[in-house]
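Reproduced below: run01.csv, with CSV, C-alpha atoms.
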chain,number,residue,atom,x,y,z
B,62,MET,CA,-7.9,-34.5,34.1
B,63,GLY,CA,-4.3,-33.3,34.2
B,64,LEU,CA,-2.7,-31.3,31.4
B,65,MET,CA,0.2,-33.8,30.9
B,66,ALA,CA,0.0,-37.1,32.8
B,67,SER,CA,1.5,-39.5,30.3
B,68,THR,CA,4.5,-40.2,28.2
B,69,ILE,CA,2.5,-40.4,24.9
B,70,PRO,CA,0.6,-37.5,23.3
B,71,PRO,CA,-3.2,-37.4,23.9
B,72,THR,CA,-5.3,-39.4,21.4
B,73,PRO,CA,-7.8,-37.7,19.1
B,74,HIS,CA,-10.6,-39.2,21.2
B,75,GLU,CA,-9.1,-37.7,24.4
B,76,LEU,CA,-8.7,-34.3,22.8
B,77,ARG,CA,-12.3,-34.3,21.5
B,78,ARG,CA,-13.6,-34.8,25.1
B,79,ARG,CA,-11.8,-31.6,26.2
B,80,SER,CA,-13.4,-28.2,26.2
B,81,ASP,CA,-12.0,-25.4,24.1
B,82,ASP,CA,-10.6,-23.8,27.3
B,83,GLU,CA,-8.9,-27.0,28.2
B,84,LEU,CA,-7.3,-27.4,24.8
B,85,LEU,CA,-6.0,-23.9,24.9
B,86,LEU,CA,-4.5,-24.5,28.3
B,87,LEU,CA,-2.9,-27.7,27.0
B,88,VAL,CA,-1.4,-25.6,24.1
B,89,ALA,CA,-0.2,-22.9,26.5
B,90,ALA,CA,1.4,-25.4,28.8
B,91,ASN,CA,3.3,-27.3,26.1
B,92,ARG,CA,4.0,-24.9,23.2
B,93,SER,CA,7.4,-23.9,24.5
B,94,ALA,CA,8.4,-27.5,25.5
B,95,LYS,CA,11.8,-28.7,24.5
B,96,ASP,CA,10.8,-32.3,24.3
B,97,ARG,CA,9.1,-34.1,21.4
B,98,LEU,CA,6.1,-35.1,23.6
B,99,GLY,CA,5.3,-31.6,24.7
B,100,LYS,CA,5.6,-30.1,21.2
B,101,GLU,CA,3.4,-32.9,19.8
B,102,THR,CA,0.9,-32.4,22.5
B,103,ALA,CA,0.7,-28.7,21.8
B,104,ARG,CA,0.4,-29.4,18.0
B,105,LEU,CA,-2.4,-31.9,18.5
B,106,ALA,CA,-4.4,-29.8,20.9
B,107,TRP,CA,-4.0,-26.7,18.6
B,108,ASN,CA,-5.1,-28.7,15.5
B,109,GLU,CA,-8.2,-30.0,17.4
B,110,LEU,CA,-9.0,-26.4,18.5
B,111,VAL,CA,-8.7,-25.1,14.9
B,112,GLU,CA,-10.7,-27.9,13.5
B,113,ARG,CA,-13.6,-27.1,15.8
B,114,ASP,CA,-13.8,-23.7,14.2
B,115,VAL,CA,-14.7,-24.7,10.7
B,116,ALA,CA,-18.1,-23.0,10.8
B,117,ARG,CA,-16.7,-19.8,12.5
B,118,VAL,CA,-13.9,-19.5,9.9
B,119,ARG,CA,-16.3,-20.0,7.0
B,120,ALA,CA,-18.6,-17.3,8.4
B,121,LEU,CA,-15.7,-14.9,8.8
B,122,VAL,CA,-14.6,-15.5,5.2
B,123,ARG,CA,-18.2,-15.2,4.0
B,124,THR,CA,-18.7,-11.8,5.7
B,125,TRP,CA,-15.2,-10.4,5.2
B,126,ARG,CA,-14.9,-7.0,3.6
B,127,LEU,CA,-11.8,-4.9,3.1
B,128,GLY,CA,-12.4,-1.7,5.2
B,129,GLY,CA,-13.5,1.3,3.1
B,130,ARG,CA,-13.6,-0.7,-0.1
B,131,ASP,CA,-16.0,-3.0,-1.9
B,132,VAL,CA,-13.5,-5.9,-1.9
B,133,ARG,CA,-14.8,-9.2,-0.7
B,134,VAL,CA,-14.2,-12.9,-1.4
B,135,GLU,CA,-16.5,-14.0,-4.2
B,136,ALA,CA,-18.9,-16.8,-3.4
B,137,GLN,CA,-17.2,-19.2,-5.8
B,138,ASP,CA,-13.8,-18.5,-4.1
B,139,ARG,CA,-14.9,-18.9,-0.5
B,140,ASP,CA,-13.9,-22.5,-0.1
B,141,ASP,CA,-10.4,-21.7,-1.4
B,142,ALA,CA,-10.1,-18.6,0.9
B,143,THR,CA,-11.3,-20.7,3.8
B,144,GLN,CA,-8.7,-23.3,3.1
B,145,HIS,CA,-6.0,-20.6,2.9
B,146,ALA,CA,-7.2,-19.2,6.3
B,147,PHE,CA,-7.0,-22.7,7.9
B,148,TYR,CA,-3.5,-23.2,6.5
B,149,ARG,CA,-2.5,-19.9,8.1
B,150,LEU,CA,-4.3,-20.8,11.4
B,151,LEU,CA,-2.4,-24.1,11.7
B,152,LYS,CA,0.9,-22.3,11.1
B,153,MET,CA,0.0,-19.7,13.7
B,154,LEU,CA,0.8,-22.0,16.6
B,155,ASP,CA,4.4,-21.0,16.7
B,156,ASN,CA,3.6,-17.3,17.1
B,157,PHE,CA,0.4,-17.4,19.3
B,158,ARG,CA,1.1,-16.5,22.9
B,159,GLY,CA,-2.4,-16.3,24.3
B,160,ASP,CA,-3.8,-18.6,27.0
B,161,VAL,CA,-7.5,-17.7,27.1
B,162,LEU,CA,-10.2,-18.2,24.5
B,163,PRO,CA,-10.9,-14.5,23.7
B,164,GLN,CA,-7.3,-14.1,22.8
B,165,TYR,CA,-7.5,-17.2,20.5
B,166,ARG,CA,-10.7,-15.9,18.9
B,167,ALA,CA,-9.2,-12.5,18.3
B,168,ALA,CA,-6.0,-14.0,16.8
B,169,MET,CA,-8.2,-16.3,14.6
B,170,ALA,CA,-10.2,-13.3,13.3
B,171,THR,CA,-7.0,-11.4,12.5
B,172,CYS,CA,-5.6,-14.5,10.8
B,173,VAL,CA,-8.7,-14.9,8.7
B,174,ASP,CA,-8.6,-11.2,7.8
B,175,TRP,CA,-5.0,-11.4,6.6
B,176,ALA,CA,-5.7,-14.7,4.7
B,177,CYS,CA,-8.7,-13.0,2.9
B,178,ARG,CA,-6.5,-9.9,2.1
B,179,GLU,CA,-3.8,-12.2,0.7
B,180,PHE,CA,-6.2,-14.3,-1.2
B,181,CYS,CA,-7.9,-11.3,-2.8
B,182,ARG,CA,-4.6,-9.6,-3.6
B,183,ARG,CA,-3.4,-12.8,-5.4
B,184,GLU,CA,-6.7,-13.0,-7.3
B,185,MET,CA,-6.5,-9.4,-8.4
B,186,ARG,CA,-2.9,-9.9,-9.6
B,187,HIS,CA,-4.0,-12.9,-11.6
B,188,GLU,CA,-6.9,-10.9,-13.2
B,189,MET,CA,-4.6,-8.0,-14.0
B,190,GLY,CA,-2.2,-10.5,-15.7
B,191,LEU,CA,-5.1,-11.8,-17.8
B,192,GLY,CA,-6.5,-8.3,-18.6
B,193,GLY,CA,-3.2,-6.6,-19.4
B,194,SER,CA,-2.1,-3.1,-18.6
B,195,LEU,CA,-4.1,0.0,-19.2
B,196,ASP,CA,-0.9,1.6,-20.5
B,197,GLU,CA,-0.3,-1.1,-23.1
B,198,ARG,CA,-0.8,0.1,-26.6
B,199,ILE,CA,-2.8,-2.2,-28.9
B,200,PRO,CA,-1.5,-2.5,-32.5
B,201,GLY,CA,-3.7,-0.4,-34.8
B,202,GLU,CA,-4.7,2.0,-32.0
B,203,ASP,CA,-4.6,5.7,-33.0
B,204,GLY,CA,-4.0,4.8,-36.6
B,205,GLU,CA,-0.8,2.9,-35.9
B,206,GLY,CA,-0.2,-0.1,-38.1
Can you dump the structure from the file as structure tokens?
Amino acid sequence: MGLMASTIPPTPHELRRRSDDELLLLVAANRSAKDRLGKETARLAWNELVERDVARVRALVRTWRLGGRDVRVEAQDRDDATQHAFYRLLKMLDNFRGDVLPQYRAAMATCVDWACREFCRREMRHEMGLGGSLDERIPGEDGEG
């Protein structure tokens, strides 16, 4: 089965029959293409590769911890953080330059790490906005009226 033997992008059925290694080779062979067919082929193969990793990404989000701190994605937020990670993964195609599966898996883990950091940072900012500042003075505090 050749990497590009037609004038139309591969169908979802054709992509599902390919191994992860074959999909990554298809991405590598077409990601820098100047023509619409090559770019679309790379995008479709990338999307198929990313979609296959739902369980892996969920597991990475579930077990993610910020190094040296007790910061993690709470159970009720894991679906949202996973969705954020997938959004980042899909966008990562333009910057990914690897051509073997271990490079993809490492890039995926890094992407999930940054997505979880960004998600937790956004949640903390939201909670700080709800809680107010520790420096804020409350009317009536210290005998003030």
Taking a cut-off of 10 Å and counting all atoms listed in the file, can you build a table that, for each residue of range 132-158 of chain B near range 172-175 of chain B, reports the nearest atom pair and how far apart they are in Å (one decimal), sorted by chain then residue number, as JSON lines?
{"residue": "B:Ala142", "atom": "CA", "partner": "B:Val173", "partner_atom": "CA", "distance": 8.7}
{"residue": "B:Thr143", "atom": "CA", "partner": "B:Val173", "partner_atom": "CA", "distance": 8.0}
{"residue": "B:His145", "atom": "CA", "partner": "B:Val173", "partner_atom": "CA", "distance": 8.6}
{"residue": "B:Ala146", "atom": "CA", "partner": "B:Val173", "partner_atom": "CA", "distance": 5.1}
{"residue": "B:Phe147", "atom": "CA", "partner": "B:Val173", "partner_atom": "CA", "distance": 8.0}
{"residue": "B:Tyr148", "atom": "CA", "partner": "B:Cys172", "partner_atom": "CA", "distance": 9.9}
{"residue": "B:Arg149", "atom": "CA", "partner": "B:Cys172", "partner_atom": "CA", "distance": 6.8}
{"residue": "B:Leu150", "atom": "CA", "partner": "B:Cys172", "partner_atom": "CA", "distance": 6.5}
{"residue": "B:Met153", "atom": "CA", "partner": "B:Cys172", "partner_atom": "CA", "distance": 8.2}
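As for CA of Gln137 in chain B and CA of Arg123 in chain B, they are spaced 10.6 Å apart.
Atom to atom, CA of Leu110 in chain B and CA of Leu85 in chain B stand 7.5 Å apart.
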Might you pull out every residue within 10 Å of range 86-90 of chain B, with only C-alpha atoms counted and same-chain residues fewer than 4 positions away left off, and present them as a PyMOL selection string? chain B and resi 63-65+76+79-82+94+99-108+110+154+157-162
Point-to-point distance in Å for CA of Glu184 in chain B and CA of Val134 in chain B: 9.5 Å
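Minimum atom-to-atom distance to Arg183 in chain B, evaluated using all atoms listed in the file, belongs to B:Asp138 out of B:Asp138, B:Lys152, B:Met169, B:Pro163.
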